[in-house]
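K.L.:
What follows is a structure written as structure tokens; I'll ask about it next.
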Amino acid sequence: KVEGEVDSDAVSVLGSTVIGPDGKVGGDAVAVLGLLESKGSIGGDAVGVFGGVDIDGPVGGEVVSVFGDMRLGPNAVIERDVVLVGGKLTRDPQAIVRGNQVNVPMFGSLGDLSWLTTWVKRCAFLARPLAFGRDLGWAWMVAL
């Protein structure tokens, strides 16, 4: 969690990267298998992989979400492109994107991939095929 100023990057793996309203990241902000949430300022790129991206502040570079949903709030100002691979974009009408908006659909009608993210975190990384938890009912159905 970033509440102050960070000169370089803010990166989380298997966790969320959260930048508060008074937070400032000079480099990139990245979350892998977790949510990237920013109400502050990001000087470089904002990237979320298998978790989703929620931006409600300025970003100096691109915003990328791979296999997760993206939300751009009313205070979002994106200086470059918005790239979404295998997820859904929810964009406030007041959000500003100065670059292109690229959406690469994957998996057809599978929709939100939180089920896959949950399985990777709670099952695959712990070397077990099943676990109890939200979004894991599908794995039990496959096993049965």
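The way I read the labels, and the way they are meant: chains A, B, ... in the order of the structure tokens, residue 1 as the first residue of every chain, and ligand 1 as the first ligand shown, with later ones counted on from there.
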What lies within 12 Å of A:Ser8 using only C-alpha atoms, ignoring chain neighbours under 2 positions off, as a PyMOL selection string?

P.N.:
chain A and resi 2+5-6+10-11+24-30+42-45

K.L.:
Can you write just those residues out, C-alpha atoms, as a short mmCIF file (atom, residue, chain, number, x, y, z; two decimals), in the first residue's frame?

P.N.:
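Okay, part.cif is ready:
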```
data_model
loop_
_atom_site.label_atom_id
_atom_site.label_comp_id
_atom_site.auth_asym_id
_atom_site.auth_seq_id
_atom_site.Cartn_x
_atom_site.Cartn_y
_atom_site.Cartn_z
CA VAL A 2 1.38 3.36 -1.04
CA GLU A 5 5.69 9.02 -2.41
CA VAL A 6 7.68 6.20 -4.02
CA ALA A 10 5.36 -0.51 -6.77
CA VAL A 11 5.00 -4.26 -7.47
CA LYS A 24 2.48 8.88 -5.77
CA VAL A 25 4.47 6.21 -7.63
CA GLY A 26 7.26 7.60 -9.82
CA GLY A 27 7.64 4.44 -11.93
CA ASP A 28 5.29 1.60 -12.80
CA ALA A 29 2.58 0.05 -10.61
CA VAL A 30 2.12 -3.71 -11.08
CA ILE A 42 1.35 6.75 -11.29
CA GLY A 43 4.24 8.17 -13.33
CA GLY A 44 4.76 5.12 -15.56
CA ASP A 45 2.54 2.22 -16.60
#
```

K.L.:
Using DSSP assignments from the backbone, pull out every residue in stretch 8-65 of chain A that falls under strand (DSSP E or B) and give it to me as number ranges by chain.

P.N.:
A: 10-13, 17-19, 24-25, 29-32, 36-38, 41-42, 46-49, 53-55, 58-59, 63-65

K.L.:
Would you mind listing what lies within 8 Å of A:Ser12 as a list in words, with only C-alpha atoms counted and same-chain residues fewer than 2 positions away left out?

P.N.:
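Here the qualifying residues turn out to be Ala10, Leu14, Gly15, Ser16, Thr17, Val30, Ala31, Val32 and Gly34 of chain A.
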
K.L.:
Okay, now the selection with N, CA, C and O atoms, as a CSV table (one decimal), in the first residue's frame?

P.N.:
```
chain,number,residue,atom,x,y,z
A,10,ALA,N,6.1,0.2,-7.8
A,10,ALA,CA,5.4,-0.5,-6.8
A,10,ALA,C,4.8,-1.8,-7.4
A,10,ALA,O,4.0,-1.8,-8.3
A,14,LEU,N,1.0,-12.1,-5.9
A,14,LEU,CA,0.1,-12.8,-5.0
A,14,LEU,C,-0.5,-11.8,-3.9
A,14,LEU,O,-0.7,-12.2,-2.8
A,15,GLY,N,-0.7,-10.6,-4.3
A,15,GLY,CA,-1.2,-9.6,-3.4
A,15,GLY,C,-1.7,-8.4,-4.2
A,15,GLY,O,-1.5,-8.3,-5.4
A,16,SER,N,-2.3,-7.4,-3.6
A,16,SER,CA,-2.8,-6.3,-4.3
A,16,SER,C,-1.8,-5.1,-4.1
A,16,SER,O,-1.2,-5.0,-3.1
A,17,THR,N,-1.8,-4.3,-5.1
A,17,THR,CA,-1.0,-3.0,-5.1
A,17,THR,C,-2.1,-1.9,-5.0
A,17,THR,O,-2.9,-1.7,-5.9
A,30,VAL,N,2.4,-2.4,-10.5
A,30,VAL,CA,2.1,-3.7,-11.1
A,30,VAL,C,1.5,-4.6,-10.0
A,30,VAL,O,2.0,-4.6,-8.9
A,31,ALA,N,0.5,-5.4,-10.4
A,31,ALA,CA,-0.1,-6.4,-9.5
A,31,ALA,C,-0.2,-7.7,-10.3
A,31,ALA,O,-0.9,-7.7,-11.3
A,32,VAL,N,0.4,-8.8,-9.8
A,32,VAL,CA,0.2,-10.1,-10.4
A,32,VAL,C,-0.5,-11.0,-9.5
A,32,VAL,O,-0.1,-11.1,-8.3
A,34,GLY,N,-3.4,-10.3,-8.2
A,34,GLY,CA,-4.0,-9.4,-7.2
A,34,GLY,C,-4.5,-8.2,-7.9
A,34,GLY,O,-4.3,-7.9,-9.1
```

K.L.:
For A:Ile55, list every protein, DNA or RNA residue within 9 Å, evaluated using only C-alpha atoms, and leave out those in the same chain fewer than 2 positions away; present the list as a list in words.

P.N.:
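Close residues of A:Ile55: Leu36, Glu37, Ser38, Lys39, Gly40, Ala46, Val53, Gly57, Pro58, Val59, Val63, Met70, Arg71, Leu72, Gly73, Asn75, Ala76 and Val77 of chain A.
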
K.L.:
Could you tell me which of A:Val85, A:Ala95, A:Leu136, A:Val142 comes closest to A:Thr117 if we count only C-alpha atoms?

P.N.:
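Ranking A:Val85, A:Ala95, A:Leu136, A:Val142 by distance to A:Thr117, first place goes to A:Leu136.
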
K.L.:
Contacts of A:Gly133 at 10 Å or less, counting only C-alpha atoms, minus same-chain residues fewer than 5 places along, as a PyMOL selection string?

P.N.:
chain A and resi 118-119+122

K.L.:
Any chance you could export the current selection's N, CA and C atoms as a PDB file, in the first residue's frame?

P.N.:
```
ATOM      1  N   THR A 118      -8.666 -17.193  -8.628  1.00  0.00           N
ATOM      2  CA  THR A 118      -8.832 -17.838  -7.329  1.00  0.00           C
ATOM      3  C   THR A 118      -8.254 -19.246  -7.345  1.00  0.00           C
ATOM      4  N   TRP A 119      -8.513 -19.998  -8.406  1.00  0.00           N
ATOM      5  CA  TRP A 119      -7.991 -21.358  -8.485  1.00  0.00           C
ATOM      6  C   TRP A 119      -6.457 -21.374  -8.521  1.00  0.00           C
ATOM      7  N   ARG A 122      -5.296 -20.334  -4.838  1.00  0.00           N
ATOM      8  CA  ARG A 122      -5.657 -21.218  -3.731  1.00  0.00           C
ATOM      9  C   ARG A 122      -5.383 -22.690  -4.003  1.00  0.00           C
TER      10      ARG A 122
END
```

K.L.:
Could you state the separation of atom CA of A:Gly61 and atom CA of A:Leu35 in Å, given to one decimal place?

P.N.:
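Computing it gives 18.3 Å between the two atoms.
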
K.L.:
Of the candidates A:Gly60, A:Gly68, A:Gly87, A:Pro129, which shows the shortest atom-to-atom distance to A:Gly99, using only C-alpha atoms?

P.N.:
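The shortest atom-to-atom distance to A:Gly99 comes from A:Gly60.
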
K.L.:
Mind checking DSSP for chain A and telling me the alpha helix (DSSP H) residues as a PyMOL selection string?

P.N.:
chain A and resi 114-122+137-143

K.L.:
Go ahead and compute the interatomic distance for atom CA of A:Ala131 and atom CA of A:Gly48, in Å to one decimal.

P.N.:
24.3 Å
